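Trainee: Below is a structure I'd like to ask you about.
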Amino acid sequence: MDIVSVALKRYSTKAFDATKKLTAGEAEQLKTLLQYSPSSTNSQPWHFIVASTDEGKARVAKAASGTYVFNERKILDASHVVVFCAKTAMDDAWLQRVVDQEEADGRFATPDAKAANHKGRTFFADMHRKELKDDDQWMAKQVYLNVGNFLLGVAAMGLDAVPIEGVDFAILDEEFDLKAKGYTSLVVVPVGHHSVEDFNATLPKSRLPQSTTHYRDLISLLPGTPGPWRSSVSPGTFFPHSFPSFSAVCARFLALMSPLVPGITPLV
C-alpha cells in the first residue's frame, strides 16, 4: 500500500473492539514509530507512556471523566494507549545527551563535526529558551510532529487509532507525576482495531478542497514571473526579506557555523 492510499484510508476511530489485541510484534513497532519520528534539530523533547494492561489503561482513563467521559471507552477498549508528553524545559544536559547519542550512532566523522552539530542545535535551543522564551511551545510542536508521524505509521500497519485532546491533562500529569520528572502530557492516542459500533468507519472522509488550502507552485509568485497569481502578489511577499527577523536569524546562524563547516559563507 502506498503512503497516499494510507492517508486516504486512515480515520479517527470512535469505538474499539476490546477483544482484539495487538500482537507482541505490533506493540514493538509502535515503540519504533515513536522513537524514529522527526523533530526540529533532532531535539526529541518527548516522553511516552504506553499502557496495554487494564490497570494501566484505567490510570490513563482517570483523565477522561466528567466533561470528557465520552472518551473513556476509547481508552479502556483500545489494545494500547499512548500518552504523548513534552519536556517542560530544554536543558543543556538533554542537548548533550542527544549529541552523545548521535556520536554513538556514528553520525560524526570527526570531533569537529560533533562540535559543529552541538553548536548549531544549541543556537536554536537558545533562540527559543532565551530570546523568544517560547521553548515550551517549540517542544510541544515537536511532539505533535511525532503524533502525525505515529498516526500515519499506525494506519500503514493496518491498525486503527484516534488522537485525543479531550481529557484533563492536569489529572494525567498528577497521576504519573510528570511535572516532577520534567514533562507534561499533551495528547492521548488509543490504538487497536475498530468495532462494528464505530460509525466513523464507514463514513466518507471530508477535507477542504486543495483550491482552498494550497498555493500554486511558489515559482509563479516570483516578482516579474508571468502567471495567474502575479497581479495579486506584492514583490517579496513570500520571501525572507519580507521577514527581517527570519533573515537575521539565518544570518546569525550562518555566521556561527561558517568557521566550523567548510563551504558555508556568512551572509553580508
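Residue names in the C-alpha cells use chain letters A, B, ... in the order shown, residue numbers from 1 in each chain, and ligand numbers from 1 in the order shown.
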Could you find all residues in stretch 79-149 of chain A that DSSP calls strand (DSSP E or B) from the backbone, and write them as a ChimeraX atom specification?
Mentor: /A:80-87
Trainee: Tell me which protein, DNA and RNA residues are within 12 Å of A:Trp94, counting only C-alpha atoms, leaving out same-chain ones fewer than 2 positions away, and put them as a list in words.
Mentor: Asn42, Ser43, Gln44, Pro45, Trp46, Lys87, Thr88, Ala89, Met90, Asp91, Asp92, Gln96, Arg97, Val98, Val99, Asp100, Gln101, His118, Arg121, Thr122, Ala125 and Gly182 of chain A
Trainee: What would the file look like if the residues just selected were written as an mmCIF file, in the first residue's frame with N, CA, C and O atoms?
Mentor:
data_model
loop_
_atom_site.group_PDB
_atom_site.id
_atom_site.type_symbol
_atom_site.label_atom_id
_atom_site.label_comp_id
_atom_site.auth_asym_id
_atom_site.auth_seq_id
_atom_site.Cartn_x
_atom_site.Cartn_y
_atom_site.Cartn_z
ATOM 1 N N ASN A 42 16.603 17.490 15.539
ATOM 2 C CA ASN A 42 16.679 16.166 16.169
ATOM 3 C C ASN A 42 16.674 16.269 17.701
ATOM 4 O O ASN A 42 17.275 15.456 18.400
ATOM 5 N N SER A 43 15.964 17.281 18.211
ATOM 6 C CA SER A 43 15.986 17.555 19.653
ATOM 7 C C SER A 43 15.226 16.512 20.484
ATOM 8 O O SER A 43 15.522 16.331 21.669
ATOM 9 N N GLN A 44 14.215 15.867 19.891
ATOM 10 C CA GLN A 44 13.481 14.775 20.545
ATOM 11 C C GLN A 44 13.013 15.121 21.967
ATOM 12 O O GLN A 44 13.232 14.332 22.911
ATOM 13 N N PRO A 45 12.328 16.248 22.161
ATOM 14 C CA PRO A 45 11.970 16.672 23.521
ATOM 15 C C PRO A 45 10.695 16.017 24.044
ATOM 16 O O PRO A 45 9.750 16.684 24.453
ATOM 17 N N TRP A 46 10.673 14.692 24.047
ATOM 18 C CA TRP A 46 9.437 13.991 24.364
ATOM 19 C C TRP A 46 9.627 12.821 25.307
ATOM 20 O O TRP A 46 10.726 12.379 25.600
ATOM 21 N N LYS A 87 8.825 17.731 27.131
ATOM 22 C CA LYS A 87 9.662 18.269 28.196
ATOM 23 C C LYS A 87 9.143 19.651 28.589
ATOM 24 O O LYS A 87 8.598 20.371 27.760
ATOM 25 N N THR A 88 9.300 20.012 29.837
ATOM 26 C CA THR A 88 8.871 21.333 30.284
ATOM 27 C C THR A 88 9.983 22.367 30.167
ATOM 28 O O THR A 88 9.730 23.568 30.266
ATOM 29 N N ALA A 89 11.219 21.907 29.938
ATOM 30 C CA ALA A 89 12.343 22.831 29.749
ATOM 31 C C ALA A 89 13.415 22.136 28.923
ATOM 32 O O ALA A 89 13.694 20.952 29.127
ATOM 33 N N MET A 90 13.997 22.870 27.992
ATOM 34 C CA MET A 90 15.089 22.325 27.182
ATOM 35 C C MET A 90 16.402 22.653 27.876
ATOM 36 O O MET A 90 16.901 23.779 27.807
ATOM 37 N N ASP A 91 16.948 21.690 28.600
ATOM 38 C CA ASP A 91 18.146 21.929 29.394
ATOM 39 C C ASP A 91 19.402 21.480 28.652
ATOM 40 O O ASP A 91 19.350 20.666 27.722
ATOM 41 N N ASP A 92 20.551 22.004 29.069
ATOM 42 C CA ASP A 92 21.825 21.685 28.421
ATOM 43 C C ASP A 92 22.162 20.200 28.520
ATOM 44 O O ASP A 92 22.773 19.638 27.598
ATOM 45 N N GLN A 96 23.197 17.738 25.388
ATOM 46 C CA GLN A 96 24.420 16.932 25.403
ATOM 47 C C GLN A 96 24.099 15.453 25.219
ATOM 48 O O GLN A 96 24.819 14.730 24.512
ATOM 49 N N ARG A 97 23.013 15.017 25.824
ATOM 50 C CA ARG A 97 22.606 13.616 25.689
ATOM 51 C C ARG A 97 22.289 13.279 24.227
ATOM 52 O O ARG A 97 22.633 12.203 23.743
ATOM 53 N N VAL A 98 21.635 14.215 23.536
ATOM 54 C CA VAL A 98 21.284 13.993 22.127
ATOM 55 C C VAL A 98 22.539 13.882 21.271
ATOM 56 O O VAL A 98 22.684 12.955 20.463
ATOM 57 N N VAL A 99 23.465 14.818 21.440
ATOM 58 C CA VAL A 99 24.662 14.805 20.589
ATOM 59 C C VAL A 99 25.556 13.610 20.915
ATOM 60 O O VAL A 99 26.205 13.041 20.027
ATOM 61 N N ASP A 100 25.589 13.190 22.174
ATOM 62 C CA ASP A 100 26.365 12.000 22.533
ATOM 63 C C ASP A 100 25.768 10.745 21.894
ATOM 64 O O ASP A 100 26.509 9.841 21.470
ATOM 65 N N GLN A 101 24.440 10.693 21.835
ATOM 66 C CA GLN A 101 23.795 9.541 21.189
ATOM 67 C C GLN A 101 24.085 9.541 19.689
ATOM 68 O O GLN A 101 24.316 8.479 19.084
ATOM 69 N N HIS A 118 26.536 20.213 17.675
ATOM 70 C CA HIS A 118 26.078 20.618 19.004
ATOM 71 C C HIS A 118 25.885 22.133 19.079
ATOM 72 O O HIS A 118 24.906 22.615 19.668
ATOM 73 N N ARG A 121 22.633 23.084 17.148
ATOM 74 C CA ARG A 121 21.407 22.755 17.880
ATOM 75 C C ARG A 121 21.223 23.682 19.072
ATOM 76 O O ARG A 121 20.107 24.146 19.354
ATOM 77 N N THR A 122 22.311 23.974 19.763
ATOM 78 C CA THR A 122 22.231 24.867 20.918
ATOM 79 C C THR A 122 21.819 26.274 20.503
ATOM 80 O O THR A 122 21.093 26.960 21.241
ATOM 81 N N ALA A 125 18.085 26.137 20.206
ATOM 82 C CA ALA A 125 17.507 25.962 21.540
ATOM 83 C C ALA A 125 17.566 27.278 22.319
ATOM 84 O O ALA A 125 16.583 27.673 22.966
ATOM 85 N N GLY A 182 9.851 16.450 34.885
ATOM 86 C CA GLY A 182 10.217 17.384 33.827
ATOM 87 C C GLY A 182 9.410 17.254 32.552
ATOM 88 O O GLY A 182 9.872 17.679 31.484
#
Trainee: Run DSSP on the backbone and grab whatever in stretch 50-159 of chain A lands in helix (DSSP H, G or I); send it over as an MDAnalysis selection string.
Mentor: chainID A and resid 54:61 66:77 92:104 111:131 135:156
Trainee: Could you turn the residues from that selection into a file that holds C-alpha atoms, as a CSV table (one decimal), in the first residue's frame?
Mentor:
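As written to disk, part.csv reads:
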chain,number,residue,atom,x,y,z
A,54,ASP,CA,-6.4,-3.0,32.0
A,55,GLU,CA,-4.8,-1.4,35.1
A,56,GLY,CA,-2.6,0.9,33.0
A,57,LYS,CA,-5.4,2.0,30.7
A,58,ALA,CA,-7.6,2.6,33.8
A,59,ARG,CA,-5.0,5.0,35.1
A,60,VAL,CA,-5.0,7.0,31.8
A,61,ALA,CA,-8.8,6.9,31.7
A,66,GLY,CA,-16.7,14.5,33.9
A,67,THR,CA,-16.7,16.7,30.8
A,68,TYR,CA,-14.6,14.2,28.9
A,69,VAL,CA,-16.4,10.9,29.8
A,70,PHE,CA,-17.3,10.4,26.2
A,71,ASN,CA,-13.6,9.5,25.6
A,72,GLU,CA,-13.4,6.9,28.4
A,73,ARG,CA,-14.4,3.9,26.4
A,74,LYS,CA,-11.9,4.6,23.7
A,75,ILE,CA,-9.1,4.5,26.2
A,76,LEU,CA,-10.4,1.4,28.1
A,77,ASP,CA,-11.3,-0.6,25.0
A,92,ASP,CA,21.8,21.7,28.4
A,93,ALA,CA,22.1,18.1,29.8
A,94,TRP,CA,19.4,17.0,27.3
A,95,LEU,CA,21.2,18.7,24.4
A,96,GLN,CA,24.4,16.9,25.4
A,97,ARG,CA,22.6,13.6,25.7
A,98,VAL,CA,21.3,14.0,22.1
A,99,VAL,CA,24.7,14.8,20.6
A,100,ASP,CA,26.4,12.0,22.5
A,101,GLN,CA,23.8,9.5,21.2
A,102,GLU,CA,24.4,10.8,17.7
A,103,GLU,CA,28.1,10.2,18.2
A,104,ALA,CA,27.4,6.7,19.4
A,111,PRO,CA,35.3,15.7,16.8
A,112,ASP,CA,34.9,19.0,15.0
A,113,ALA,CA,31.8,17.7,13.2
A,114,LYS,CA,30.3,16.8,16.6
A,115,ALA,CA,31.1,20.2,18.0
A,116,ALA,CA,29.5,21.9,14.9
A,117,ASN,CA,26.4,19.9,15.3
A,118,HIS,CA,26.1,20.6,19.0
A,119,LYS,CA,26.7,24.3,18.5
A,120,GLY,CA,24.0,24.5,15.8
A,121,ARG,CA,21.4,22.8,17.9
A,122,THR,CA,22.2,24.9,20.9
A,123,PHE,CA,21.9,28.0,18.8
A,124,PHE,CA,18.2,27.2,18.0
A,125,ALA,CA,17.5,26.0,21.5
A,126,ASP,CA,18.9,29.2,22.9
A,127,MET,CA,16.8,31.2,20.4
A,128,HIS,CA,13.6,29.7,21.9
A,129,ARG,CA,14.5,29.4,25.6
A,130,LYS,CA,16.4,32.7,26.0
A,131,GLU,CA,15.2,35.1,23.3
A,135,ASP,CA,10.7,26.8,24.3
A,136,ASP,CA,7.6,25.1,25.8
A,137,GLN,CA,5.6,25.8,22.6
A,138,TRP,CA,8.6,24.8,20.4
A,139,MET,CA,8.9,21.5,22.2
A,140,ALA,CA,5.1,20.9,22.0
A,141,LYS,CA,5.3,21.4,18.2
A,142,GLN,CA,7.9,18.6,18.0
A,143,VAL,CA,5.6,16.3,20.0
A,144,TYR,CA,2.8,17.0,17.5
A,145,LEU,CA,5.2,16.1,14.6
A,146,ASN,CA,5.5,12.8,16.4
A,147,VAL,CA,1.8,12.4,16.7
A,148,GLY,CA,1.3,12.9,13.0
A,149,ASN,CA,4.1,10.5,12.1
A,150,PHE,CA,2.6,8.0,14.5
A,151,LEU,CA,-0.9,8.1,13.2
A,152,LEU,CA,0.2,7.6,9.6
A,153,GLY,CA,2.5,4.8,10.7
A,154,VAL,CA,-0.2,3.0,12.7
A,155,ALA,CA,-2.5,3.2,9.7
A,156,ALA,CA,0.2,1.7,7.5
Trainee: I'd like the contact shell of A:Ser185 - 9 Å cut-off, only C-alpha atoms, skipping same-chain residues fewer than 3 positions apart - returned as number ranges by chain.
Mentor: A: 47-48, 83-86, 169-170, 172-173, 178, 188
Trainee: For atom CA of A:Leu22 and atom CA of A:Asp168, determine how far apart the two atoms are, in Å to one decimal place.
Mentor: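 Separating atom CA of A:Leu22 from atom CA of A:Asp168 is a distance of 26.5 Å.
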Trainee: Please measure the separation of atom CA of A:Ser37 and atom CA of A:Phe176, giving the value in Å to one decimal.
Mentor: 23.4 Å
Trainee: Contacts of A:Ala18 at 9 Å or less, counting only C-alpha atoms, minus same-chain residues fewer than 4 places along, as a PyMOL selection string?
Mentor: chain A and resi 76-79+192-195
Trainee: For the residues in the current selection, export N, CA and C atoms as a compact mmCIF listing (two decimals), in the first residue's frame.
Mentor:
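To be explicit, this is the file written out as result-v8.txt:
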# COMPACT_ATOMS: atom_id res chain seq x y z
N LEU A 76 -10.29 2.72 27.38
CA LEU A 76 -10.40 1.42 28.05
C LEU A 76 -10.49 0.25 27.07
N ASP A 77 -11.11 0.47 25.91
CA ASP A 77 -11.33 -0.63 24.96
C ASP A 77 -10.20 -0.82 23.96
N ALA A 78 -9.37 0.18 23.76
CA ALA A 78 -8.25 0.05 22.82
C ALA A 78 -7.26 -0.98 23.34
N SER A 79 -6.50 -1.56 22.44
CA SER A 79 -5.47 -2.53 22.86
C SER A 79 -4.35 -1.83 23.60
N GLY A 192 -5.72 0.26 18.27
CA GLY A 192 -6.26 -1.09 18.30
C GLY A 192 -6.98 -1.41 17.02
N HIS A 193 -8.14 -2.05 17.14
CA HIS A 193 -8.98 -2.39 15.99
C HIS A 193 -10.38 -1.86 16.25
N HIS A 194 -10.97 -1.21 15.25
CA HIS A 194 -12.28 -0.62 15.45
C HIS A 194 -13.35 -1.71 15.61
N SER A 195 -14.40 -1.35 16.29
CA SER A 195 -15.51 -2.27 16.50
C SER A 195 -16.60 -2.04 15.46
Trainee: For atom CA of A:Thr213 and atom CA of A:Asp2, determine how far apart the two atoms are, in Å to one decimal place.
Mentor: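 Here the two named atoms are 23.1 Å from each other.
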Trainee: With distances taken over only C-alpha atoms, which of A:Ala64, A:Ala27, A:Val50, A:Val196 is nearest to A:Gly166?
Mentor: A:Ala64
